[in-house]
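Listing of coords04.pdb; format and content: PDB, C-alpha atoms, pLDDT in the B column.
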```pdb
MODEL        1
ATOM      1  CA  MET A   1       0.000   0.000   0.000  1.00 84.00           C
ATOM      2  CA  TYR A   2       1.216   3.489  -0.793  1.00 90.00           C
ATOM      3  CA  ASN A   3       1.363   5.862   2.153  1.00 95.00           C
ATOM      4  CA  GLN A   4       2.690   9.288   1.153  1.00 96.00           C
ATOM      5  CA  ARG A   5       2.961  10.454   4.756  1.00 97.00           C
ATOM      6  CA  ARG A   6       5.188   7.485   5.639  1.00 97.00           C
ATOM      7  CA  LEU A   7       7.328   8.062   2.544  1.00 97.00           C
ATOM      8  CA  ILE A   8       7.860  11.688   3.617  1.00 97.00           C
ATOM      9  CA  GLU A   9       8.890  10.507   7.103  1.00 97.00           C
ATOM     10  CA  LEU A  10      11.390   8.044   5.644  1.00 97.00           C
ATOM     11  CA  VAL A  11      12.876  10.640   3.299  1.00 96.00           C
ATOM     12  CA  LYS A  12      13.343  13.077   6.177  1.00 95.00           C
ATOM     13  CA  GLN A  13      14.831  10.397   8.438  1.00 95.00           C
ATOM     14  CA  HIS A  14      17.186   8.752   5.967  1.00 94.00           C
ATOM     15  CA  ALA A  15      17.627  10.542   2.639  1.00 95.00           C
ATOM     16  CA  LEU A  16      17.644  14.273   3.420  1.00 94.00           C
ATOM     17  CA  LYS A  17      21.093  15.688   4.192  1.00 92.00           C
ATOM     18  CA  LEU A  18      21.860  19.313   5.007  1.00 89.00           C
ATOM     19  CA  GLY A  19      25.149  21.014   4.076  1.00 89.00           C
ATOM     20  CA  ASN A  20      26.838  22.197   0.884  1.00 90.00           C
ATOM     21  CA  PHE A  21      26.519  19.913  -2.132  1.00 89.00           C
ATOM     22  CA  THR A  22      27.143  19.875  -5.876  1.00 88.00           C
ATOM     23  CA  LEU A  23      24.271  18.166  -7.687  1.00 77.00           C
ATOM     24  CA  ALA A  24      24.483  16.030 -10.841  1.00 74.00           C
ATOM     25  CA  SER A  25      23.160  19.073 -12.705  1.00 72.00           C
ATOM     26  CA  GLY A  26      26.221  21.024 -11.541  1.00 80.00           C
ATOM     27  CA  LYS A  27      24.089  23.290  -9.357  1.00 79.00           C
ATOM     28  CA  GLN A  28      25.091  24.062  -5.791  1.00 86.00           C
ATOM     29  CA  ALA A  29      22.601  23.279  -3.040  1.00 86.00           C
ATOM     30  CA  ASN A  30      22.404  23.379   0.740  1.00 88.00           C
ATOM     31  CA  PHE A  31      20.493  20.100   0.892  1.00 91.00           C
ATOM     32  CA  TYR A  32      20.946  16.739  -0.764  1.00 91.00           C
ATOM     33  CA  LEU A  33      18.493  13.918  -1.238  1.00 93.00           C
ATOM     34  CA  ASP A  34      20.306  10.571  -1.167  1.00 93.00           C
ATOM     35  CA  CYS A  35      17.399   8.380  -2.217  1.00 94.00           C
ATOM     36  CA  ARG A  36      19.588   5.262  -2.207  1.00 95.00           C
ATOM     37  CA  LYS A  37      19.231   5.420   1.585  1.00 95.00           C
ATOM     38  CA  LEU A  38      15.549   4.819   0.886  1.00 95.00           C
ATOM     39  CA  THR A  39      15.338   2.785  -2.327  1.00 97.00           C
ATOM     40  CA  LEU A  40      17.738   0.178  -0.962  1.00 97.00           C
ATOM     41  CA  THR A  41      15.554  -0.620   2.057  1.00 96.00           C
ATOM     42  CA  GLY A  42      12.600  -2.959   2.024  1.00 96.00           C
ATOM     43  CA  GLU A  43      10.106  -0.436   3.342  1.00 97.00           C
ATOM     44  CA  GLY A  44      11.298   2.428   1.166  1.00 97.00           C
ATOM     45  CA  ALA A  45      11.438   0.355  -2.016  1.00 97.00           C
ATOM     46  CA  ASN A  46       8.002  -1.101  -1.289  1.00 97.00           C
ATOM     47  CA  LEU A  47       6.396   2.311  -0.669  1.00 97.00           C
ATOM     48  CA  ILE A  48       7.957   3.790  -3.802  1.00 98.00           C
ATOM     49  CA  ALA A  49       6.928   0.841  -5.967  1.00 98.00           C
ATOM     50  CA  HIS A  50       3.350   0.958  -4.697  1.00 98.00           C
ATOM     51  CA  GLY A  51       3.176   4.730  -5.231  1.00 98.00           C
ATOM     52  CA  MET A  52       4.536   4.491  -8.760  1.00 98.00           C
ATOM     53  CA  LEU A  53       2.280   1.567  -9.675  1.00 98.00           C
ATOM     54  CA  ASP A  54      -0.714   3.487  -8.303  1.00 97.00           C
ATOM     55  CA  HIS A  55       0.259   6.427 -10.500  1.00 97.00           C
ATOM     56  CA  LEU A  56       0.686   4.227 -13.591  1.00 97.00           C
ATOM     57  CA  GLY A  57      -2.762   2.747 -13.046  1.00 96.00           C
ATOM     58  CA  ARG A  58      -4.181  -0.003 -15.232  1.00 92.00           C
ATOM     59  CA  ASP A  59      -2.446   0.971 -18.480  1.00 90.00           C
ATOM     60  CA  LEU A  60       1.014  -0.259 -17.555  1.00 97.00           C
ATOM     61  CA  PRO A  61       3.904   0.243 -19.943  1.00 98.00           C
ATOM     62  CA  ASP A  62       5.771  -2.809 -21.210  1.00 98.00           C
ATOM     63  CA  ALA A  63       8.772  -1.930 -19.061  1.00 98.00           C
ATOM     64  CA  VAL A  64      10.272   0.556 -16.616  1.00 98.00           C
ATOM     65  CA  GLY A  65      13.889   1.534 -16.185  1.00 98.00           C
ATOM     66  CA  GLY A  66      16.357   4.338 -16.062  1.00 98.00           C
ATOM     67  CA  MET A  67      19.907   5.446 -15.660  1.00 95.00           C
ATOM     68  CA  ALA A  68      22.165   3.196 -13.623  1.00 93.00           C
ATOM     69  CA  ILE A  69      22.640   3.306 -10.602  1.00 92.00           C
ATOM     70  CA  GLY A  70      19.895   5.470  -9.121  1.00 93.00           C
ATOM     71  CA  ALA A  71      17.041   3.886 -11.070  1.00 97.00           C
ATOM     72  CA  ASP A  72      18.145   0.271 -10.571  1.00 97.00           C
ATOM     73  CA  PRO A  73      16.564  -0.399  -7.150  1.00 98.00           C
ATOM     74  CA  ILE A  74      13.393   1.447  -8.194  1.00 98.00           C
ATOM     75  CA  THR A  75      13.127  -0.700 -11.312  1.00 98.00           C
ATOM     76  CA  ALA A  76      13.679  -3.899  -9.315  1.00 98.00           C
ATOM     77  CA  ALA A  77      11.056  -2.905  -6.743  1.00 98.00           C
ATOM     78  CA  LEU A  78       8.522  -1.988  -9.437  1.00 98.00           C
ATOM     79  CA  VAL A  79       8.819  -5.249 -11.367  1.00 98.00           C
ATOM     80  CA  THR A  80       8.705  -7.267  -8.137  1.00 98.00           C
ATOM     81  CA  VAL A  81       5.634  -5.549  -6.689  1.00 98.00           C
ATOM     82  CA  ALA A  82       3.901  -5.639 -10.079  1.00 98.00           C
ATOM     83  CA  TYR A  83       4.518  -9.398 -10.226  1.00 98.00           C
ATOM     84  CA  GLN A  84       3.134  -9.824  -6.710  1.00 97.00           C
ATOM     85  CA  GLN A  85      -0.002  -7.997  -7.872  1.00 97.00           C
ATOM     86  CA  GLY A  86      -0.352 -10.289 -10.881  1.00 97.00           C
ATOM     87  CA  LYS A  87       0.712  -7.590 -13.343  1.00 97.00           C
ATOM     88  CA  GLU A  88       3.218  -8.051 -16.138  1.00 97.00           C
ATOM     89  CA  LEU A  89       5.999  -5.468 -16.106  1.00 98.00           C
ATOM     90  CA  ARG A  90       9.602  -5.815 -17.223  1.00 98.00           C
ATOM     91  CA  GLY A  91      12.620  -3.743 -16.276  1.00 98.00           C
ATOM     92  CA  PHE A  92      15.695  -2.407 -18.020  1.00 98.00           C
ATOM     93  CA  ILE A  93      18.882  -0.547 -17.177  1.00 97.00           C
ATOM     94  CA  VAL A  94      20.381   2.358 -19.098  1.00 97.00           C
ATOM     95  CA  ARG A  95      24.158   2.384 -18.819  1.00 93.00           C
ATOM     96  CA  LYS A  96      26.038   5.649 -18.517  1.00 84.00           C
ATOM     97  CA  GLU A  97      28.521   4.210 -21.021  1.00 79.00           C
ATOM     98  CA  ALA A  98      28.373   1.136 -23.226  1.00 68.00           C
ATOM     99  CA  LYS A  99      30.558  -1.738 -22.077  1.00 63.00           C
ATOM    100  CA  ALA A 100      33.621  -2.437 -24.192  1.00 61.00           C
ATOM    101  CA  HIS A 101      32.885  -6.173 -23.968  1.00 60.00           C
ATOM    102  CA  GLY A 102      29.847  -8.418 -24.332  1.00 58.00           C
ATOM    103  CA  THR A 103      27.045  -6.914 -26.421  1.00 63.00           C
ATOM    104  CA  GLY A 104      28.264  -3.341 -25.886  1.00 67.00           C
ATOM    105  CA  GLN A 105      24.721  -2.072 -25.476  1.00 86.00           C
ATOM    106  CA  GLU A 106      23.705   0.987 -23.512  1.00 93.00           C
ATOM    107  CA  VAL A 107      20.277  -0.503 -22.697  1.00 96.00           C
ATOM    108  CA  GLU A 108      20.184  -3.878 -20.943  1.00 95.00           C
ATOM    109  CA  GLY A 109      17.278  -6.101 -20.006  1.00 96.00           C
ATOM    110  CA  PRO A 110      14.336  -7.999 -21.506  1.00 97.00           C
ATOM    111  CA  VAL A 111      13.182  -5.153 -23.762  1.00 98.00           C
ATOM    112  CA  ARG A 112      12.946  -4.826 -27.518  1.00 97.00           C
ATOM    113  CA  ALA A 113      12.412  -2.047 -30.020  1.00 97.00           C
ATOM    114  CA  GLY A 114       8.834  -0.809 -29.980  1.00 98.00           C
ATOM    115  CA  ASP A 115       8.225  -1.496 -26.277  1.00 98.00           C
ATOM    116  CA  ARG A 116       6.379   1.297 -24.436  1.00 98.00           C
ATOM    117  CA  VAL A 117       8.463   2.303 -21.408  1.00 98.00           C
ATOM    118  CA  VAL A 118       8.519   4.712 -18.493  1.00 98.00           C
ATOM    119  CA  ILE A 119      11.816   6.180 -17.317  1.00 98.00           C
ATOM    120  CA  VAL A 120      12.118   6.065 -13.517  1.00 98.00           C
ATOM    121  CA  GLU A 121      14.376   8.279 -11.447  1.00 97.00           C
ATOM    122  CA  ASP A 122      15.102   8.840  -7.787  1.00 96.00           C
ATOM    123  CA  THR A 123      15.555  12.620  -7.677  1.00 94.00           C
ATOM    124  CA  VAL A 124      15.196  15.140 -10.505  1.00 94.00           C
ATOM    125  CA  THR A 125      16.531  18.677 -10.553  1.00 90.00           C
ATOM    126  CA  THR A 126      16.699  20.017 -14.111  1.00 91.00           C
ATOM    127  CA  GLY A 127      15.764  16.790 -15.887  1.00 94.00           C
ATOM    128  CA  GLY A 128      19.081  16.458 -17.698  1.00 92.00           C
ATOM    129  CA  SER A 129      20.031  13.017 -16.355  1.00 91.00           C
ATOM    130  CA  SER A 130      16.564  11.665 -17.044  1.00 95.00           C
ATOM    131  CA  MET A 131      16.659  13.062 -20.574  1.00 96.00           C
ATOM    132  CA  ARG A 132      19.946  11.252 -21.245  1.00 96.00           C
ATOM    133  CA  ALA A 133      18.177   8.024 -20.221  1.00 97.00           C
ATOM    134  CA  VAL A 134      15.231   8.937 -22.477  1.00 98.00           C
ATOM    135  CA  GLU A 135      17.535   9.567 -25.442  1.00 97.00           C
ATOM    136  CA  LYS A 136      19.449   6.301 -24.968  1.00 97.00           C
ATOM    137  CA  ALA A 137      16.192   4.362 -24.601  1.00 98.00           C
ATOM    138  CA  GLN A 138      14.830   5.968 -27.759  1.00 98.00           C
ATOM    139  CA  ALA A 139      18.066   5.240 -29.648  1.00 96.00           C
ATOM    140  CA  PHE A 140      17.580   1.586 -28.658  1.00 96.00           C
ATOM    141  CA  GLY A 141      14.105   1.759 -30.201  1.00 98.00           C
ATOM    142  CA  LEU A 142      12.006   2.024 -27.053  1.00 98.00           C
ATOM    143  CA  VAL A 143       8.968   4.316 -27.006  1.00 98.00           C
ATOM    144  CA  VAL A 144       9.265   6.493 -23.899  1.00 98.00           C
ATOM    145  CA  THR A 145       5.806   7.483 -22.674  1.00 98.00           C
ATOM    146  CA  SER A 146       6.733   9.398 -19.498  1.00 98.00           C
ATOM    147  CA  VAL A 147       9.217  10.062 -16.714  1.00 98.00           C
ATOM    148  CA  LEU A 148       8.356   9.112 -13.137  1.00 98.00           C
ATOM    149  CA  ALA A 149      10.458  10.212 -10.160  1.00 98.00           C
ATOM    150  CA  VAL A 150      10.448   9.739  -6.429  1.00 98.00           C
ATOM    151  CA  ILE A 151      11.269  13.400  -5.673  1.00 97.00           C
ATOM    152  CA  ASP A 152      11.173  16.578  -7.766  1.00 96.00           C
ATOM    153  CA  ARG A 153      13.523  19.277  -6.449  1.00 93.00           C
ATOM    154  CA  CYS A 154      11.336  21.805  -8.327  1.00 94.00           C
ATOM    155  CA  GLU A 155      14.251  23.389 -10.143  1.00 91.00           C
ATOM    156  CA  GLY A 156      13.040  23.205 -13.713  1.00 94.00           C
ATOM    157  CA  ALA A 157      12.532  19.522 -14.527  1.00 95.00           C
ATOM    158  CA  ALA A 158       8.737  19.690 -14.849  1.00 96.00           C
ATOM    159  CA  GLU A 159       8.925  22.597 -17.299  1.00 97.00           C
ATOM    160  CA  PHE A 160      11.812  20.956 -19.179  1.00 97.00           C
ATOM    161  CA  PHE A 161       9.783  17.780 -19.706  1.00 97.00           C
ATOM    162  CA  ARG A 162       6.700  19.803 -20.670  1.00 97.00           C
ATOM    163  CA  GLN A 163       8.744  21.600 -23.338  1.00 97.00           C
ATOM    164  CA  ASN A 164       9.873  18.207 -24.620  1.00 96.00           C
ATOM    165  CA  GLN A 165       6.267  16.888 -24.702  1.00 96.00           C
ATOM    166  CA  LEU A 166       7.119  14.222 -22.141  1.00 97.00           C
ATOM    167  CA  PRO A 167       4.647  13.644 -19.290  1.00 98.00           C
ATOM    168  CA  PHE A 168       6.330  13.875 -15.877  1.00 98.00           C
ATOM    169  CA  HIS A 169       5.193  13.024 -12.376  1.00 98.00           C
ATOM    170  CA  ALA A 170       6.943  12.801  -9.007  1.00 98.00           C
ATOM    171  CA  LEU A 171       5.629  11.081  -5.893  1.00 98.00           C
ATOM    172  CA  LEU A 172       6.963  13.964  -3.779  1.00 98.00           C
ATOM    173  CA  THR A 173       8.263  17.493  -4.205  1.00 96.00           C
ATOM    174  CA  ILE A 174      10.575  19.389  -1.928  1.00 95.00           C
ATOM    175  CA  GLN A 175       7.524  21.331  -0.729  1.00 95.00           C
ATOM    176  CA  ASP A 176       6.061  18.039   0.532  1.00 96.00           C
ATOM    177  CA  LEU A 177       9.236  17.737   2.609  1.00 94.00           C
ATOM    178  CA  GLY A 178       8.856  21.259   3.991  1.00 91.00           C
ATOM    179  CA  ILE A 179      11.903  22.534   2.116  1.00 87.00           C
ATOM    180  CA  ASP A 180      11.844  26.058   0.724  1.00 72.00           C
ATOM    181  CA  GLN A 181      12.583  26.087  -3.017  1.00 58.00           C
ATOM    182  CA  GLN A 182      15.322  28.654  -2.394  1.00 51.00           C
ATOM    183  CA  ALA A 183      17.127  26.272  -0.018  1.00 42.00           C
TER     184      ALA A 183
ENDMDL
END
```

Encoded form (structure tokens):
Amino acid sequence: MYNQRRLIELVKQHALKLGNFTLASGKQANFYLDCRKLTLTGEGANLIAHGMLDHLGRDLPDAVGGMAIGADPITAALVTVAYQQGKELRGFIVRKEAKAHGTGQEVEGPVRAGDRVVIVEDTVTTGGSSMRAVEKAQAFGLVVTSVLAVIDRCEGAAEFFRQNQLPFHALLTIQDLGIDQQA
């Protein structure tokens, strides 16, 4: 069951760090959201998967996935909980760089060209990292239908995705955590 209030509590207890940080976007911030402290726990992964599956509703994509490493535990939780609910959902991983050995692919998993997919992400700031995952998935032949995140830092990602005609949703925003956008 998805419980937004409990997810907020867990984020505040385990994932929210205060201090001076450089984000993946290159921006400086006085707080950091380390969602791995949440997505790599049973309760956190379960809450996130239930929340995302609730959002996706009955019209599930063929697969979910995103950029390694942040999206990996989210993907695993989603496919596991979907299976437990009797729903078919596959996962995939987008590599930051193609391996020099093996198949050398940037997208790994039981997906094929033409599959409808949702890109999952732990935290989004500007949307740049998610868009790299979108572009690699599309280059593989996947049809990206939306981007779904755990937390939106509210620093431009929603507008960025809107401009790129890509539906976007986050389970939480920094306002849900009681963080001022200027923080």

List the spatial neighbours of Pro167 (chain A) as number ranges by chain - criterion: any atom at most 7 Å away, all atoms listed in the file, same-chain residues fewer than 3 positions off excluded. A: 146-147, 161-162

Kindly compute an axis-aligned box around the listed atoms of region 67-80 of chain A, allowing 3 Å on each side, and express its centre and edge lengths in Å to one decimal as AutoDock Vina command-line options.
```
--center_x 15.6 --center_y -0.9 --center_z -11.2 --size_x 20.1 --size_y 18.7 --size_z 14.9
```

Please report the interatomic distance between CA of Asp122 (chain A) and CA of Thr80 (chain A) in Å with one decimal. 17.3 Å

A:Gly44, A:Gly141, A:Gly128, A:Gly26 ranked by distance to Ile8 (chain A), top pick (using only C-alpha atoms): A:Gly44

Run through the PyMOL selection byres ((chain A and resi 94) around 12) on the given coordinates and return the selected residues as a count of residues only. 41

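If you measure from each of A:Asp62, A:Asp34, A:Glu43, A:Glu155 to Arg112 (chain A) using only C-alpha atoms, the closest one turns out to be A:Asp62.
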
Which residues would end up in the selection if the PyMOL selection byres ((chain A and resi 10) around 10) were applied here, given that I need the answer as a ChimeraX atom specification? /A:4-9,11-16,35,37-38,43-44,47

On this file, the PyMOL selection byres ((chain A and resi 49) around 12) gives some set of residues; write that set as a PyMOL selection string. chain A and resi 1-4+7+38-48+50-56+64+71+73-85+89+120-122+148-150+171

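CA of Asp152 (chain A) sits 4.7 Å away from CA of Thr173 (chain A).
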
Would you kindly return, as a list in words, each protein, DNA or RNA residue with an atom no farther than 12 Å from any atom of Gln28 (chain A), considering only C-alpha atoms and excluding same-chain residues fewer than 4 positions away? Gly19, Asn20, Phe21, Thr22, Leu23, Ala24, Tyr32, Thr125, Glu155, Gln182 and Ala183 of chain A

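The interatomic distance for the pair CA of Leu177 (chain A) and CA of Cys154 (chain A) works out to 11.9 Å.
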
A:Asn30, A:Lys87, A:Gly127, A:Ala170 ranked by distance to Ala63 (chain A), top pick (using all atoms listed in the file):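 Looking at the shortest contact to Ala63 (chain A), the residue is A:Lys87.
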
Go through A:Ile174, A:Pro61, A:Ile151, A:Ala29 and flag the residue nearest Asp115 (chain A), using only C-alpha atoms for the distances.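 Looking at the shortest contact to Asp115 (chain A), the residue is A:Pro61.
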